[in-house]
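In what follows, a structure is listed as structure tokens, so that the remarks can point back to it.
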Amino acid sequence: MTDTPASMTYGGYLALDQLLSAQHPISDLHDEMLFVIIHQAKELWLKQIIHELILSRELIRGDQLVQVHKSLSRVSRIQAVMTLSWDVLATMTPADYSSFRDVLGASSGFQSAQFRQMEYLLGIKDGTHLRHQEEGSAQYPALGAALRQPSLWDEANRALARAGFKLPAEAMERDWTETYRPSEGVEDAWAEVYRDTAHWWPLYQLAEKLVDIDDSLATWRHKHVLTVERIIGLKRGTGGTAGVVYLQSTVGKRAFPELWSLRTRI
């Protein structure tokens with residue numbers, strides 16, 4: 001029976017019985033609970049980020065470049081909260097983590113479908129990540145759809161073209177599943193926006209909101225590297241990943257590369 005507004009409680013509205021019973025540490029060691037909660041909270045925030053990015057993509061597609069500020073700003077604020085959570089995890093010492101690490105088995109944050117969906121929505125696409133999800137799982141079709149559809153960056157470039165800028169055909173119509181390759185033509189067009197910000201203010205503000213997100217993602221990745229190195233050093237990660245070595249290789253990834261490279265030219 002569905003609660004009415006008059007009978008609704010705080011716990012009922014938030015489904016706290018289900019939420020607070022979803023933590024199941026396998027060991028009896030104190031610090032495993034923190035490890036579980038940190039990663040569950042990360043997945044909840046990723047769910048909200050995905051929610052905002054899907055809306056943002058639709059707003060940009062509809063040339064609602066002022067209205068999209070709210071959602072994009074919310075994403076970067078959430079990213080800041082997620083970055084701060086690494087400081088909480090860093091209270092766990094190497095000895096604390098080593099005491100229960102074996103119960104994690106082959107599980108790894110590398111397998112997070114929502115993190116990959118976020119990357120795909122932004123424009124950082126690598127189709128090989130699909131193989132880490134079971135085809136019958138709920139995550140698989142959502143991840144596959146994000147891979148096949150234009151990303152936030154693709155839609156931003158399309159908005160730029162609709163505003164009258166000439167962009168290369170390969171940036172407008174391509175295989176959306178392929179890794180995006182930076183384009184000199186795309187950089188030229190966005191550089192013009194930055195050279196006359198008063199005239200192109202909505203596009204300029206959109207670009208800077210996107211840079212905020214890229215900046216925040218790089219900051220999150222950097223803090224991730226430091227936290228993992230602080231706890232496990234250069235040992236391999238769970239699930240057979242390369243640990244810190246792999247994480248360091250991701251810090252330089254940019255979802256909106258031309259918005260960074262153009263800064264050298266203006």
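By order in the structure tokens, chains are A, B, ...; within a chain, residues start at 1; ligands start at 1, following the order shown.
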
- prompt: Contacts of Leu29 (chain A) at 9 Å or less, counting only C-alpha atoms, minus same-chain residues fewer than 5 places along, as a PyMOL selection string?
  reply: chain A and resi 96+99-100

Go ahead and save the picked residues with C-alpha atoms, as an mmCIF file, in the first residue's frame.
```
data_model
loop_
_atom_site.group_PDB
_atom_site.id
_atom_site.type_symbol
_atom_site.label_atom_id
_atom_site.label_comp_id
_atom_site.auth_asym_id
_atom_site.auth_seq_id
_atom_site.Cartn_x
_atom_site.Cartn_y
_atom_site.Cartn_z
ATOM 1 C CA ASP A 96 43.738 -1.620 8.147
ATOM 2 C CA SER A 99 43.481 -6.962 7.025
ATOM 3 C CA PHE A 100 40.334 -7.390 4.906
#
```

field: Non-local contacts of Val211 (chain A) (8 Å; only C-alpha atoms; under 4 positions in same chain excluded) as a list in words
entry: Ala207, Asp215, Phe256, Leu259 and Trp260 of chain A

- prompt: From the set A:Ile60, A:Leu147, A:Ile49, A:Leu44, which residue has the shortest atom-to-atom contact distance to Val75 (chain A), counting only C-alpha atoms?
  reply: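 Of A:Ile60, A:Leu147, A:Ile49, A:Leu44, the one nearest Val75 (chain A), counting only C-alpha atoms, is A:Ile49.
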
Can you check which parts of region 75-108 of chain A lie within 8 Å of region 226-244 of chain A? Per residue, the shortest pair of atoms and distance in Å to one decimal, counting only C-alpha atoms, sorted by chain and number, as a tab-separated table.
```
residue	atom	partner	partner_atom	distance
A:Trp86	CA	A:Thr227	CA	6.5
A:Asp87	CA	A:Thr227	CA	7.7
A:Leu89	CA	A:Thr227	CA	7.6
A:Ala90	CA	A:Thr227	CA	5.8
A:Met92	CA	A:Ile231	CA	7.2
A:Thr93	CA	A:Ile231	CA	5.9
A:Pro94	CA	A:Ile231	CA	4.6
A:Tyr97	CA	A:Ile231	CA	7.2
A:Leu104	CA	A:Thr238	CA	7.2
A:Gly105	CA	A:Thr238	CA	6.9
A:Ala106	CA	A:Gly239	CA	3.9
A:Ser107	CA	A:Gly239	CA	5.4
A:Ser108	CA	A:Gly239	CA	5.4
```

message: Report as a VMD selection string all protein, DNA and RNA residues lying within 6 Å of region 112-124 of chain A, evaluated on only C-alpha atoms, omitting residues in the same chain fewer than 6 positions from it.
response: chain A and resid 50 143 146 to 147 151 to 153 255

Residues of the last selection are to be written out with N, CA and C atoms, as a JSON list (two decimals), in the first residue's frame.
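Saved to result.json:
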```
[["chain", "number", "residue", "atom", "x", "y", "z"],
["A", 50, "ILE", "N", 24.86, 11.32, -13.51],
["A", 50, "ILE", "CA", 24.31, 10.80, -14.77],
["A", 50, "ILE", "C", 22.95, 11.44, -15.05],
["A", 143, "LEU", "N", 24.79, 1.55, -20.32],
["A", 143, "LEU", "CA", 26.17, 1.83, -20.72],
["A", 143, "LEU", "C", 26.30, 1.77, -22.24],
["A", 146, "ALA", "N", 24.81, 4.91, -23.84],
["A", 146, "ALA", "CA", 25.70, 6.07, -23.69],
["A", 146, "ALA", "C", 26.87, 5.99, -24.67],
["A", 147, "LEU", "N", 27.33, 4.77, -24.95],
["A", 147, "LEU", "CA", 28.43, 4.58, -25.89],
["A", 147, "LEU", "C", 28.00, 4.94, -27.31],
["A", 151, "SER", "N", 27.84, 12.41, -27.29],
["A", 151, "SER", "CA", 28.16, 12.81, -25.92],
["A", 151, "SER", "C", 27.82, 14.28, -25.68],
["A", 152, "LEU", "N", 28.06, 14.72, -24.46],
["A", 152, "LEU", "CA", 27.87, 16.13, -24.13],
["A", 152, "LEU", "C", 28.75, 17.01, -25.02],
["A", 153, "TRP", "N", 29.99, 16.57, -25.26],
["A", 153, "TRP", "CA", 30.90, 17.34, -26.10],
["A", 153, "TRP", "C", 30.44, 17.35, -27.55],
["A", 255, "ALA", "N", 37.80, 15.37, -21.32],
["A", 255, "ALA", "CA", 36.56, 15.15, -22.07],
["A", 255, "ALA", "C", 36.38, 16.19, -23.16]]
```

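Counting from CA of His129 (chain A), the distance to CA of Gly144 (chain A) is 9.8 Å.
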
task: Would you mind reading off the distance between CA of Pro182 (chain A) and CA of Glu208 (chain A), one decimal, in Å?
output: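 Between CA of Pro182 (chain A) and CA of Glu208 (chain A) the gap is 17.8 Å.
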
field: Residues near Tyr194 (chain A), cut-off 10 Å, only C-alpha atoms, skip fewer than 6 positions along chain, as a ChimeraX atom specification
entry: /A:200-201,203-205,207-208,259,262-263,266

If you keep N, CA and C atoms, can you produce a file of those selected residues as a PDB file, in the first residue's frame?
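The result, written out as result-v6.pdb:
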```pdb
ATOM      1  N   TRP A 200      29.579  36.106 -28.040  1.00  0.00           N
ATOM      2  CA  TRP A 200      29.237  34.682 -27.962  1.00  0.00           C
ATOM      3  C   TRP A 200      29.053  34.232 -26.510  1.00  0.00           C
ATOM      4  N   TRP A 201      28.533  35.103 -25.672  1.00  0.00           N
ATOM      5  CA  TRP A 201      28.481  34.838 -24.230  1.00  0.00           C
ATOM      6  C   TRP A 201      27.842  33.496 -23.859  1.00  0.00           C
ATOM      7  N   LEU A 203      27.675  30.649 -25.472  1.00  0.00           N
ATOM      8  CA  LEU A 203      28.608  29.566 -25.823  1.00  0.00           C
ATOM      9  C   LEU A 203      29.852  29.610 -24.943  1.00  0.00           C
ATOM     10  N   TYR A 204      30.328  30.816 -24.670  1.00  0.00           N
ATOM     11  CA  TYR A 204      31.502  30.974 -23.804  1.00  0.00           C
ATOM     12  C   TYR A 204      31.223  30.445 -22.397  1.00  0.00           C
ATOM     13  N   GLN A 205      30.069  30.790 -21.855  1.00  0.00           N
ATOM     14  CA  GLN A 205      29.710  30.315 -20.523  1.00  0.00           C
ATOM     15  C   GLN A 205      29.538  28.794 -20.505  1.00  0.00           C
ATOM     16  N   ALA A 207      31.146  26.718 -22.438  1.00  0.00           N
ATOM     17  CA  ALA A 207      32.505  26.169 -22.502  1.00  0.00           C
ATOM     18  C   ALA A 207      33.165  26.178 -21.132  1.00  0.00           C
ATOM     19  N   GLU A 208      33.015  27.271 -20.396  1.00  0.00           N
ATOM     20  CA  GLU A 208      33.644  27.363 -19.083  1.00  0.00           C
ATOM     21  C   GLU A 208      33.004  26.414 -18.069  1.00  0.00           C
ATOM     22  N   LEU A 259      38.979  22.705 -25.555  1.00  0.00           N
ATOM     23  CA  LEU A 259      38.781  23.824 -24.632  1.00  0.00           C
ATOM     24  C   LEU A 259      40.025  24.075 -23.783  1.00  0.00           C
ATOM     25  N   LEU A 262      43.051  25.364 -26.787  1.00  0.00           N
ATOM     26  CA  LEU A 262      42.864  26.705 -27.360  1.00  0.00           C
ATOM     27  C   LEU A 262      43.470  27.800 -26.471  1.00  0.00           C
ATOM     28  N   ARG A 263      43.651  27.499 -25.188  1.00  0.00           N
ATOM     29  CA  ARG A 263      44.153  28.514 -24.267  1.00  0.00           C
ATOM     30  C   ARG A 263      45.573  28.971 -24.609  1.00  0.00           C
ATOM     31  N   ILE A 266      45.115  32.008 -27.395  1.00  0.00           N
ATOM     32  CA  ILE A 266      44.400  33.276 -27.249  1.00  0.00           C
ATOM     33  C   ILE A 266      45.091  34.233 -26.272  1.00  0.00           C
TER      34      ILE A 266
END
```

- request: Write out as a count of residues only all residues of region 205-263 of chain A that DSSP puts in alpha helix (DSSP H) for this structure's backbone.
  value: 40
